[in-house]
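Coordinates from my_file.tsv are shown below (TSV, C-alpha atoms).
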chain	number	residue	atom	x	y	z
A	1	MET	CA	-30.19	0.28	12.87
A	2	LEU	CA	-26.67	-1.04	13.46
A	3	ASN	CA	-23.77	1.35	13.98
A	4	GLU	CA	-20.47	0.88	12.13
A	5	LYS	CA	-18.90	-1.25	14.88
A	6	GLU	CA	-21.94	-3.53	15.07
A	7	LYS	CA	-22.03	-3.87	11.25
A	8	GLU	CA	-18.37	-4.92	11.13
A	9	GLN	CA	-18.77	-7.36	13.99
A	10	GLU	CA	-21.91	-8.88	12.44
A	11	LEU	CA	-20.17	-9.25	9.06
A	12	LEU	CA	-17.19	-10.86	10.79
A	13	ARG	CA	-19.45	-13.25	12.74
A	14	LYS	CA	-21.21	-14.32	9.53
A	15	ILE	CA	-17.91	-14.86	7.68
A	16	LEU	CA	-16.61	-16.96	10.57
A	17	SER	CA	-19.75	-19.11	10.35
A	18	GLY	CA	-19.00	-19.75	6.66
A	19	ASP	CA	-21.71	-17.48	5.23
A	20	ILE	CA	-20.88	-17.12	1.50
A	21	ILE	CA	-23.14	-14.05	1.14
A	22	ALA	CA	-21.19	-12.32	3.94
A	23	MET	CA	-17.91	-13.17	2.20
A	24	LYS	CA	-19.25	-11.64	-1.01
A	25	GLU	CA	-20.33	-8.54	0.96
A	26	PHE	CA	-16.84	-8.30	2.49
A	27	TYR	CA	-15.33	-8.59	-0.99
A	28	THR	CA	-17.69	-5.92	-2.36
A	29	ASN	CA	-17.00	-3.56	0.56
A	30	TYR	CA	-13.21	-3.96	0.65
A	31	SER	CA	-12.03	-4.94	-2.84
A	32	GLY	CA	-11.79	-1.35	-4.15
A	33	TYR	CA	-9.70	-0.19	-1.21
A	34	LEU	CA	-7.50	-3.29	-1.25
A	35	THR	CA	-6.99	-2.93	-5.01
A	36	THR	CA	-5.69	0.59	-4.39
A	37	VAL	CA	-3.35	-0.68	-1.67
A	38	CYS	CA	-1.99	-3.40	-3.95
A	39	SER	CA	-1.68	-1.00	-6.90
A	40	ARG	CA	0.63	1.23	-4.88
A	41	TYR	CA	3.17	-1.62	-4.93
A	42	ILE	CA	2.38	-3.49	-8.15
A	43	SER	CA	2.05	-1.68	-11.49
A	44	ASN	CA	0.87	-4.53	-13.73
A	45	ARG	CA	-2.93	-4.86	-13.53
A	46	ASP	CA	-2.92	-8.63	-14.15
A	47	ASP	CA	-0.44	-9.08	-11.30
A	48	VAL	CA	-2.65	-6.92	-9.07
A	49	LYS	CA	-5.62	-9.21	-9.80
A	50	ASP	CA	-3.55	-12.31	-9.01
A	51	ILE	CA	-2.23	-10.86	-5.77
A	52	LEU	CA	-5.71	-9.76	-4.70
A	53	GLN	CA	-7.06	-13.23	-5.37
A	54	GLU	CA	-4.29	-14.75	-3.22
A	55	SER	CA	-4.89	-12.10	-0.57
A	56	PHE	CA	-8.63	-12.77	-0.33
A	57	ILE	CA	-7.96	-16.51	-0.06
A	58	LYS	CA	-5.50	-15.81	2.75
A	59	ILE	CA	-7.92	-13.39	4.44
A	60	PHE	CA	-10.77	-15.91	4.46
A	61	LYS	CA	-8.49	-18.80	5.52
A	62	SER	CA	-6.98	-16.88	8.43
A	63	ILE	CA	-9.91	-14.69	9.51
A	64	ALA	CA	-10.43	-16.93	12.56
A	65	ASN	CA	-7.09	-15.58	13.85
A	66	PHE	CA	-8.23	-11.95	13.49
A	67	ARG	CA	-8.94	-10.09	16.72
A	68	TYR	CA	-11.42	-7.25	16.43
A	69	LYS	CA	-9.98	-4.04	17.91
A	70	GLY	CA	-12.61	-1.53	16.86
A	71	VAL	CA	-13.97	0.12	13.74
A	72	GLY	CA	-11.48	-0.12	10.89
A	73	SER	CA	-9.38	-2.90	12.40
A	74	LEU	CA	-10.70	-5.48	9.91
A	75	LYS	CA	-9.83	-3.16	7.02
A	76	ALA	CA	-6.34	-2.50	8.45
A	77	TRP	CA	-5.71	-6.22	9.03
A	78	SER	CA	-6.81	-7.04	5.48
A	79	SER	CA	-4.64	-4.24	4.14
A	80	ARG	CA	-1.56	-5.70	5.90
A	81	ILE	CA	-2.22	-9.04	4.22
A	82	VAL	CA	-2.38	-7.34	0.80
A	83	VAL	CA	0.84	-5.42	1.48
A	84	ASN	CA	2.60	-8.61	2.60
A	85	GLU	CA	1.36	-10.52	-0.46
A	86	SER	CA	2.52	-7.65	-2.71
A	87	LEU	CA	5.99	-7.64	-1.13
A	88	LYS	CA	6.17	-11.44	-1.39
A	89	PHE	CA	5.31	-11.18	-5.09
A	90	LEU	CA	8.00	-8.56	-5.69
A	91	LYS	CA	10.63	-10.63	-3.88
A	92	GLU	CA	9.69	-13.90	-5.62
A	93	ASN	CA	9.74	-12.30	-9.04
A	94	GLU	CA	13.08	-10.58	-8.41
A	95	ARG	CA	11.57	-7.23	-9.31
A	96	LEU	CA	12.77	-5.69	-6.10
A	97	ASN	CA	16.26	-4.69	-7.20
A	98	ILE	CA	17.27	-2.05	-4.72
A	99	ILE	CA	20.66	-0.49	-5.33
A	100	ASP	CA	22.58	0.41	-2.19
A	101	SER	CA	23.85	3.95	-2.37
A	102	PRO	CA	25.37	6.15	0.30
A	103	ILE	CA	22.97	8.69	1.75
A	104	GLY	CA	25.71	11.32	1.67
A	105	ASP	CA	25.44	11.42	-2.12
A	106	LEU	CA	21.93	12.82	-1.96
A	107	PRO	CA	21.11	16.51	-1.95
A	108	ASP	CA	18.63	17.67	0.66
A	109	ILE	CA	15.11	18.43	-0.50
A	110	SER	CA	14.33	21.88	0.78
A	111	GLU	CA	10.86	22.73	2.02
A	112	GLU	CA	10.52	25.03	-1.00
A	113	GLU	CA	10.82	21.97	-3.23
A	114	GLU	CA	8.04	20.13	-1.37
A	115	PRO	CA	5.25	20.34	-3.95
A	116	ASP	CA	1.74	21.53	-3.22
A	117	ILE	CA	-0.56	18.62	-4.02
A	118	GLU	CA	-3.89	20.14	-2.99
A	119	GLN	CA	-5.19	20.76	-6.52
A	120	ILE	CA	-4.00	17.42	-7.92
A	121	PRO	CA	-6.48	14.52	-8.12
A	122	THR	CA	-5.63	11.53	-5.94
A	123	SER	CA	-5.78	9.29	-9.01
A	124	ALA	CA	-3.02	11.34	-10.69
A	125	ILE	CA	-0.82	11.14	-7.60
A	126	LEU	CA	-1.37	7.37	-7.35
A	127	GLU	CA	-0.37	7.00	-11.01
A	128	MET	CA	2.82	8.97	-10.31
A	129	ILE	CA	3.60	6.65	-7.40
A	130	ARG	CA	2.89	3.58	-9.54
A	131	ALA	CA	5.31	4.91	-12.19
A	132	LEU	CA	8.22	5.04	-9.72
A	133	PRO	CA	10.91	2.37	-10.09
A	134	VAL	CA	9.96	-0.68	-7.99
A	135	GLY	CA	12.50	-0.14	-5.20
A	136	TYR	CA	11.67	3.55	-4.77
A	137	ARG	CA	7.93	2.83	-4.90
A	138	THR	CA	8.16	0.02	-2.35
A	139	VAL	CA	10.16	2.01	0.19
A	140	PHE	CA	7.99	5.10	-0.37
A	141	ASN	CA	4.79	3.12	0.25
A	142	LEU	CA	6.12	1.36	3.33
A	143	TYR	CA	7.35	4.64	4.81
A	144	ILE	CA	4.46	6.95	3.87
A	145	PHE	CA	1.39	4.71	3.84
A	146	GLU	CA	2.35	1.88	6.18
A	147	GLU	CA	4.22	4.28	8.51
A	148	LYS	CA	7.24	1.98	8.84
A	149	SER	CA	10.57	3.30	10.08
A	150	HIS	CA	13.72	2.93	7.99
A	151	LYS	CA	14.81	0.25	10.45
A	152	GLU	CA	11.58	-1.71	9.89
A	153	ILE	CA	11.80	-1.25	6.10
A	154	ALA	CA	15.41	-2.43	6.14
A	155	SER	CA	14.34	-5.57	7.98
A	156	ILE	CA	11.35	-6.25	5.70
A	157	LEU	CA	13.30	-5.75	2.46
A	158	ASN	CA	16.65	-7.08	3.68
A	159	ILE	CA	18.47	-3.80	2.95
A	160	THR	CA	20.33	-1.28	5.10
A	161	GLU	CA	18.63	1.65	6.80
A	162	ASN	CA	20.71	4.03	4.68
A	163	THR	CA	19.51	2.32	1.52
A	164	SER	CA	15.92	2.70	2.70
A	165	ALA	CA	16.51	6.40	3.38
A	166	SER	CA	18.18	6.97	-0.01
A	167	GLN	CA	15.38	5.14	-1.85
A	168	LEU	CA	12.78	7.28	-0.06
A	169	HIS	CA	14.73	10.44	-0.85
A	170	ARG	CA	14.97	9.56	-4.54
A	171	ALA	CA	11.26	8.66	-4.67
A	172	LYS	CA	10.29	11.99	-3.10
A	173	SER	CA	12.58	13.85	-5.49
A	174	ILE	CA	11.05	12.16	-8.55
A	175	LEU	CA	7.52	12.71	-7.26
A	176	ALA	CA	8.23	16.39	-6.53
A	177	LYS	CA	9.43	16.86	-10.10
A	178	GLN	CA	6.42	15.01	-11.54
A	179	ILE	CA	3.95	16.96	-9.39
A	180	ASN	CA	5.50	20.28	-10.40
A	181	GLU	CA	5.37	19.25	-14.08
A	182	TYR	CA	1.73	18.21	-13.68
A	183	ARG	CA	0.87	21.53	-12.06
A	184	SER	CA	2.60	23.56	-14.78
A	185	LEU	CA	0.76	21.60	-17.51
A	186	LYS	CA	-2.61	22.24	-15.84
A	187	GLN	CA	-2.06	25.99	-15.44

Write-out of the structure in structure tokens:
Amino acid sequence: MLNEKEKEQELLRKILSGDIIAMKEFYTNYSGYLTTVCSRYISNRDDVKDILQESFIKIFKSIANFRYKGVGSLKAWSSRIVVNESLKFLKENERLNIIDSPIGDLPDISEEEEPDIEQIPTSAILEMIRALPVGYRTVFNLYIFEEKSHKEIASILNITENTSASQLHRAKSILAKQINEYRSLKQ
């Protein structure tokens, strides 16, 4: 029986040889996860489908350039393509209107205000993230899920580092309020 590394490498080898069944297997194995990644950035379900279609085309066209670096590297590489396609979509459709505001205008979020999310289903938290305004949601996702610094986010989105920090702060503040409201409704 093949271990996880061997399974990934075998799937990759088959895809590289043009095996349609392997491509379908890749799609079946990764489409759910990649849909979730895309949905963190894009709220319209039809747009998510379009972006995923473009992403899978790009993945299969450029998979020869992928370098296997261990278990999970194919998933991470594919995820980066989906994130990049999502950001490209937001930029092209001018939905990424990020307002520059001084960071000094923002109150600090105390640790007491950091909400406890343990009892909240992941699906509910993802819906809260999806409901954030586009700019807040984009910065939040890049910072939290993609682990980008404010400097990297500023470069990706063509904004200042302070704007990135203020967008993240506002996103966290809105999410904290929503999580606390959710918790009080469920109690």

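For the pair atom CA of A:Phe89 and atom CA of A:Glu146, the interatomic distance is 17.5 Å.
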
Closest of A:Phe60, A:Tyr41, A:Phe66, A:Trp77 to A:Thr138, counting all atoms listed in the file, is A:Tyr41

Around the point (-4.1, 23.3, -12.2) in the file's coordinates, collect all residues with an atom within 12 Å, using only C-alpha atoms, and return them as a list in words. Asp116, Ile117, Glu118, Gln119, Ile120, Pro121, Ile179, Asn180, Glu181, Tyr182, Arg183, Ser184, Leu185, Lys186 and Gln187 of chain A

What is the atom CA of A:Ile81 to atom CA of A:Ile59 distance in Å? 7.2 Å

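The coordinates place atom CA of A:Lys172 at 7.8 Å from atom CA of A:Phe140.
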
Dig up all the protein and nucleic acid residues within 12 Å of (-8.5, -17.1, 12.6) in the file frame, using all atoms listed in the file, and format them as JSON, numbers by chain. {"A": [12, 13, 15, 16, 17, 58, 59, 60, 61, 62, 63, 64, 65, 66, 67, 68, 77]}

Of the listed residues A:Ile21, A:Lys148, A:Lys69, A:Ile51, that which approaches A:Glu85 most closely, counting only C-alpha atoms: A:Ile51

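Using all atoms listed in the file, the smallest distance between any of A:Thr35, A:Val83, A:Tyr27, A:Leu168 and A:Ile57 comes from A:Tyr27.
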
Among the residues A:Ile20, A:Met128, A:Val71, A:Leu142, the one that comes closest to A:Ser164 [using all atoms listed in the file]: A:Leu142

Find the residues around A:Ile156 up to 12 Å (only C-alpha atoms counted), leave out those fewer than 4 positions away in its own chain, and share them as a PyMOL selection string. chain A and resi 83-84+87-88+91+96+138-139+142-143+148-152+160-161+164

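The residue that comes closest to A:Gly32, out of A:Ile125, A:Val48, A:Met1, A:Ala131 and on the basis of only C-alpha atoms, is A:Val48.
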
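Checking A:Leu11, A:Met23, A:Leu175, A:Leu34 one by one against A:Glu127, counting all atoms listed in the file, you find the shortest gap at A:Leu175.
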